[in-house]
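A.B. asks: Following this message is one structure expressed as structure tokens.
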Amino acid sequence: MPRPLLATIDIEAMRCNLAVVRAYTPHAKIWAVVKANAYGHGLMRGLRGFEVADGLGLVEFDGAVRLREMGWTKPILMLEGFYDPSDLVTAAQYQFDISVHCAEQVEMLEKIPLSSSMNIHLQMNSGMNRLGFSVDSYRLMHQRVRAIPTVRTITLMTHFSNADRMKHSRLSVAEQTLCFQRGADSLGGEVSLSNSGAILLHPELATDWVRPGIMLYGATPGTKTAQEFGLQPTMTLTSRVMAIQEIAVGDSVGYGSRFVADKRMRIGVVACGYADGYPRHAPDGTPVVVDGIRTRLVGTVSMDMMAVDLTAVPAAHVGSGVTLWGIGLPIDDVANAAGTIGYELMCALAARVSVVER
Ligand SMILES: *Cc1c(COP(=O)(O)O)cnc(C)c1O
């Protein structure tokens, strides 16, 4: 028997979430973002779940080639561009659109003869200070790229630091948008700005292209819950209780004896640990659902197991069903309690976890 830990992927929910993006931004074309193995869901499932998207965006060249091999003929966008000259050859061969964000990439583009023309997404650094050309150098870089004979179209692109907030004291979406407008002023071409946070909280910014990731997977970067945005969970992680311990006042649970009982209680040992992708730093109190009842993690998560408080679930027994996140327990709730974000939980799903489709 395999371990009872199972990740169930709901392709239909992925399709519904894509429809939510369409509803928020009816006039924009959609790059469905499938980097990091479609946020842990599997690249092929990303392709199936988002087959009506206008394009797929990712950062891994091997994954992008696989998408072509799996039959994806619509656009593919390399969100971080290319890492070395051989990637450029691959991009031309497989017709990937590529983001260009630094002068070194422009030089490579100028030097390397390509077999076919290419669409470029020219990234501006509008304040995040991660990728992209400064506001002041953007126009010059645009001219240089436009002069390259193999460049077909240039899309104007930037990325927001704080799209998950309405306002931000350091760098708001509004400030970044102003920067972008200043740097890209009167340059022609399509515009690509919004990630999930911007789509959900600033839908008026949706331009020619939007680039949703996390919302397609039923989690949010933002203030409201996924359910309030009409998003459905796409990954549900379930397991079972594999042992039960009865403990007395003063007894402790797990490595480091972090949790100490202040009453007699039953503890359920669940088959799921940090080697499965569950965050080891999750504190006591992180929500876990047992037999449909919400209870809490107690004690430090081990490699293959974790312990839960069964006080609220007196009927729980060895074999009781456990939900770690997904349907019945929003991944954002677990992430919030564990001091992380839904993105990290999904992406960290370990290879040893069996994956099935709903
Ligand atoms: C990952 C990524 C996205 C998607 O972001 P979400 O917050 O998951 O919607 C969009 N644009 C770029 C450039 C990215 O790297």
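So you can find residues: chains in the structure tokens are A, B, ... in the order shown, residues in each start at 1, and ligands are numbered from 1 in order.
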Write out as a list of chain:residue names each polymer residue whose atoms come within 8 Å of Ala337 of chain A, counting only C-alpha atoms; drop sequence neighbours fewer than 4 positions from it.
C.D. replies: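 Selected residues are A:Ala282, A:Pro283, A:Gly285, A:Thr286, A:Pro287, A:Asp333.
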A.B. asks: Go ahead and save the residues from that selection, with all heavy atoms, as a PDB file, in the first residue's frame.
C.D. replies:
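This is the output file result_28.pdb:
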ATOM      1  N   ALA A 282       5.510  25.323  10.610  1.00  0.00           N
ATOM      2  CA  ALA A 282       4.111  25.560  11.008  1.00  0.00           C
ATOM      3  C   ALA A 282       4.009  25.475  12.532  1.00  0.00           C
ATOM      4  O   ALA A 282       4.464  24.503  13.139  1.00  0.00           O
ATOM      5  CB  ALA A 282       3.199  24.530  10.357  1.00  0.00           C
ATOM      6  N   PRO A 283       3.404  26.492  13.173  1.00  0.00           N
ATOM      7  CA  PRO A 283       3.328  26.481  14.644  1.00  0.00           C
ATOM      8  C   PRO A 283       2.142  25.660  15.153  1.00  0.00           C
ATOM      9  O   PRO A 283       1.239  25.316  14.391  1.00  0.00           O
ATOM     10  CB  PRO A 283       3.133  27.956  14.983  1.00  0.00           C
ATOM     11  CG  PRO A 283       2.404  28.518  13.804  1.00  0.00           C
ATOM     12  CD  PRO A 283       2.858  27.726  12.596  1.00  0.00           C
ATOM     13  N   GLY A 285      -1.358  25.062  16.438  1.00  0.00           N
ATOM     14  CA  GLY A 285      -2.542  25.863  16.131  1.00  0.00           C
ATOM     15  C   GLY A 285      -2.808  25.979  14.637  1.00  0.00           C
ATOM     16  O   GLY A 285      -3.898  26.397  14.236  1.00  0.00           O
ATOM     17  N   THR A 286      -1.838  25.627  13.795  1.00  0.00           N
ATOM     18  CA  THR A 286      -2.085  25.651  12.347  1.00  0.00           C
ATOM     19  C   THR A 286      -3.288  24.750  12.049  1.00  0.00           C
ATOM     20  O   THR A 286      -3.348  23.620  12.536  1.00  0.00           O
ATOM     21  CB  THR A 286      -0.825  25.151  11.602  1.00  0.00           C
ATOM     22  OG1 THR A 286       0.266  25.992  11.946  1.00  0.00           O
ATOM     23  CG2 THR A 286      -1.033  25.174  10.092  1.00  0.00           C
ATOM     24  N   PRO A 287      -4.270  25.249  11.279  1.00  0.00           N
ATOM     25  CA  PRO A 287      -5.491  24.453  11.095  1.00  0.00           C
ATOM     26  C   PRO A 287      -5.276  23.163  10.299  1.00  0.00           C
ATOM     27  O   PRO A 287      -4.527  23.136   9.330  1.00  0.00           O
ATOM     28  CB  PRO A 287      -6.420  25.412  10.336  1.00  0.00           C
ATOM     29  CG  PRO A 287      -5.531  26.413   9.693  1.00  0.00           C
ATOM     30  CD  PRO A 287      -4.338  26.551  10.585  1.00  0.00           C
ATOM     31  N   ASP A 333      -5.496  29.822   4.509  1.00  0.00           N
ATOM     32  CA  ASP A 333      -5.598  29.757   5.981  1.00  0.00           C
ATOM     33  C   ASP A 333      -4.379  29.043   6.559  1.00  0.00           C
ATOM     34  O   ASP A 333      -3.806  29.462   7.570  1.00  0.00           O
ATOM     35  CB  ASP A 333      -6.860  28.998   6.416  1.00  0.00           C
ATOM     36  CG  ASP A 333      -8.135  29.779   6.126  1.00  0.00           C
ATOM     37  OD1 ASP A 333      -8.064  30.838   5.478  1.00  0.00           O
ATOM     38  OD2 ASP A 333      -9.216  29.315   6.554  1.00  0.00           O
TER      39      ASP A 333
END
A.B. asks: How would you write, as an NGL selection string, the set of residues in segment 131-176 of chain A that DSSP gives as strand (DSSP E)?
C.D. replies: :A and (151-158)
A.B. asks: Please save all heavy atoms of the selected residues as an mmCIF file, in the first residue's frame.
C.D. replies:
data_model
loop_
_atom_site.group_PDB
_atom_site.id
_atom_site.type_symbol
_atom_site.label_atom_id
_atom_site.label_comp_id
_atom_site.auth_asym_id
_atom_site.auth_seq_id
_atom_site.Cartn_x
_atom_site.Cartn_y
_atom_site.Cartn_z
ATOM 1 N N VAL A 151 13.422 40.755 -34.609
ATOM 2 C CA VAL A 151 12.380 41.063 -33.611
ATOM 3 C C VAL A 151 11.089 41.443 -34.321
ATOM 4 O O VAL A 151 11.058 42.368 -35.133
ATOM 5 C CB VAL A 151 12.841 42.194 -32.671
ATOM 6 C CG1 VAL A 151 11.672 42.702 -31.831
ATOM 7 C CG2 VAL A 151 13.958 41.701 -31.768
ATOM 8 N N ARG A 152 10.019 40.702 -34.017
ATOM 9 C CA ARG A 152 8.730 40.918 -34.683
ATOM 10 C C ARG A 152 7.926 41.993 -33.938
ATOM 11 O O ARG A 152 7.703 43.070 -34.449
ATOM 12 C CB ARG A 152 7.968 39.599 -34.749
ATOM 13 C CG ARG A 152 6.818 39.604 -35.770
ATOM 14 C CD ARG A 152 6.021 38.305 -35.703
ATOM 15 N NE ARG A 152 6.827 37.128 -35.988
ATOM 16 C CZ ARG A 152 6.842 36.020 -35.238
ATOM 17 N NH1 ARG A 152 6.112 35.938 -34.139
ATOM 18 N NH2 ARG A 152 7.579 34.991 -35.570
ATOM 19 N N THR A 153 7.525 41.707 -32.703
ATOM 20 C CA THR A 153 6.761 42.692 -31.932
ATOM 21 C C THR A 153 7.463 42.943 -30.602
ATOM 22 O O THR A 153 8.189 42.078 -30.095
ATOM 23 C CB THR A 153 5.333 42.199 -31.625
ATOM 24 O OG1 THR A 153 5.435 41.031 -30.801
ATOM 25 C CG2 THR A 153 4.564 41.866 -32.900
ATOM 26 N N ILE A 154 7.217 44.108 -30.039
ATOM 27 C CA ILE A 154 7.720 44.420 -28.693
ATOM 28 C C ILE A 154 6.529 44.775 -27.811
ATOM 29 O O ILE A 154 5.826 45.755 -28.059
ATOM 30 C CB ILE A 154 8.707 45.602 -28.696
ATOM 31 C CG1 ILE A 154 9.852 45.359 -29.691
ATOM 32 C CG2 ILE A 154 9.249 45.835 -27.296
ATOM 33 C CD1 ILE A 154 10.836 46.515 -29.785
ATOM 34 N N THR A 155 6.291 43.949 -26.795
ATOM 35 C CA THR A 155 5.243 44.230 -25.809
ATOM 36 C C THR A 155 5.893 44.935 -24.620
ATOM 37 O O THR A 155 7.003 44.575 -24.202
ATOM 38 C CB THR A 155 4.573 42.916 -25.356
ATOM 39 O OG1 THR A 155 3.990 42.300 -26.504
ATOM 40 C CG2 THR A 155 3.505 43.159 -24.316
ATOM 41 N N LEU A 156 5.207 45.936 -24.095
ATOM 42 C CA LEU A 156 5.732 46.717 -22.970
ATOM 43 C C LEU A 156 5.252 46.065 -21.676
ATOM 44 O O LEU A 156 4.049 45.895 -21.473
ATOM 45 C CB LEU A 156 5.253 48.166 -23.069
ATOM 46 C CG LEU A 156 5.354 48.799 -24.472
ATOM 47 C CD1 LEU A 156 4.737 50.196 -24.481
ATOM 48 C CD2 LEU A 156 6.804 48.834 -24.950
ATOM 49 N N MET A 157 6.197 45.725 -20.816
ATOM 50 C CA MET A 157 5.855 44.892 -19.654
ATOM 51 C C MET A 157 6.496 45.432 -18.383
ATOM 52 O O MET A 157 7.621 45.928 -18.402
ATOM 53 C CB MET A 157 6.379 43.477 -19.946
ATOM 54 C CG MET A 157 6.341 42.497 -18.800
ATOM 55 S SD MET A 157 7.097 40.917 -19.354
ATOM 56 C CE MET A 157 6.979 39.973 -17.830
ATOM 57 N N THR A 158 5.752 45.340 -17.282
ATOM 58 C CA THR A 158 6.374 45.555 -15.971
ATOM 59 C C THR A 158 5.686 44.666 -14.948
ATOM 60 O O THR A 158 4.714 43.968 -15.270
ATOM 61 C CB THR A 158 6.365 47.039 -15.554
ATOM 62 O OG1 THR A 158 7.319 47.228 -14.493
ATOM 63 C CG2 THR A 158 4.994 47.507 -15.067
#
A.B. asks: At most 6 Å is the cut-off: for each residue in chain A with any atom that close to an atom of ligand 1, write down the nearest atom pair and the distance in Å rounded to one decimal, counting only C-alpha atoms and all ligand atoms, chain first then increasing number, as JSON lines.
C.D. replies:
{"residue": "A:Val33", "atom": "CA", "partner": "ligand 1", "partner_atom_place_in_ligand_line": "4 (C)", "distance": 5.8}
{"residue": "A:Leu79", "atom": "CA", "partner": "ligand 1", "partner_atom_place_in_ligand_line": "13 (C)", "distance": 5.2}
{"residue": "A:His159", "atom": "CA", "partner": "ligand 1", "partner_atom_place_in_ligand_line": "13 (C)", "distance": 5.9}
{"residue": "A:Asn195", "atom": "CA", "partner": "ligand 1", "partner_atom_place_in_ligand_line": "9 (O)", "distance": 4.0}
{"residue": "A:Ser196", "atom": "CA", "partner": "ligand 1", "partner_atom_place_in_ligand_line": "9 (O)", "distance": 3.5}
{"residue": "A:Arg211", "atom": "CA", "partner": "ligand 1", "partner_atom_place_in_ligand_line": "10 (C)", "distance": 4.6}
{"residue": "A:Pro212", "atom": "CA", "partner": "ligand 1", "partner_atom_place_in_ligand_line": "9 (O)", "distance": 4.0}
{"residue": "A:Gly213", "atom": "CA", "partner": "ligand 1", "partner_atom_place_in_ligand_line": "8 (O)", "distance": 3.3}
{"residue": "A:Ile214", "atom": "CA", "partner": "ligand 1", "partner_atom_place_in_ligand_line": "8 (O)", "distance": 3.8}
A.B. asks: Have a look at A:Leu237, A:Ile244, A:Val210, A:Ala315 and name the one nearest to Gly40 of chain A; count only C-alpha atoms.
C.D. replies: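 Going through A:Leu237, A:Ile244, A:Val210, A:Ala315 one by one, the smallest distance to Gly40 of chain A is for A:Leu237.
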A.B. asks: Given the choices A:Pro203, A:Ser302, A:Met1, A:Asp87, which gets closest to Val20 of chain A if the distance is worked out from only C-alpha atoms?
C.D. replies: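 With only C-alpha atoms as the atom set, the closest residue is A:Pro203.
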A.B. asks: Give the helix (DSSP H, G or I) residues of segment 29-241 of chain A, as assigned by DSSP on the backbone, as number ranges by chain.
C.D. replies: A: 35-39, 43-49, 61-69, 85-94, 103-111, 138-146, 173-184, 196-201, 203-205, 214-217
A.B. asks: Neighbours of segment 6-11 of chain A within 8 Å (only C-alpha atoms; same-chain residues fewer than 2 positions away dropped), as a count of residues only?
C.D. replies: 21
A.B. asks: Which polymer residues have any atom within 12 Å of an atom of Thr225 of chain A, counting only C-alpha atoms, with same-chain residues fewer than 2 positions away left out, as a ChimeraX atom specification?
C.D. replies: /A:164,200,215,218-223,227-233,329-333,336,342
A.B. asks: May I ask which of the residues A:Phe50, A:Phe133, A:Trp325, A:Tyr94 is the closest one to Asp62 of chain A, counting only C-alpha atoms?
C.D. replies: A:Tyr94
A.B. asks: For each of A:Leu5, A:Val298, A:Ile148, A:Ser252, take the minimum atom-to-atom distance to Ala271 of chain A, counting only C-alpha atoms, then give the residue where this is smallest.
C.D. replies: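 The shortest atom-to-atom distance to Ala271 of chain A comes from A:Leu5.
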A.B. asks: So, counting only C-alpha atoms, which residue among A:His281, A:Val173, A:Asn119, A:Ala312 is closest to Gly339 of chain A?
C.D. replies: A:His281
A.B. asks: Which of these residues is nearest to Gly273 of chain A, using only C-alpha atoms: A:Asp136, A:Glu107, A:Asp304, A:Glu190?
C.D. replies: A:Asp304
A.B. asks: Can you measure atom CA of Glu110 of chain A to atom CA of Gly57 of chain A for me? One decimal in Å is fine.
C.D. replies: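 Those two atoms sit 23.9 Å apart.
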A.B. asks: Set the distance at 10 Å and use only C-alpha atoms: which residues neighbour segment 265-270 of chain A once local chain neighbours fewer than 2 positions away are removed? I'd like the list as a PyMOL selection string.
C.D. replies: chain A and resi 4-5+238-249+251+253+261-263+272-273+290+297-298+301+304-314+316-324
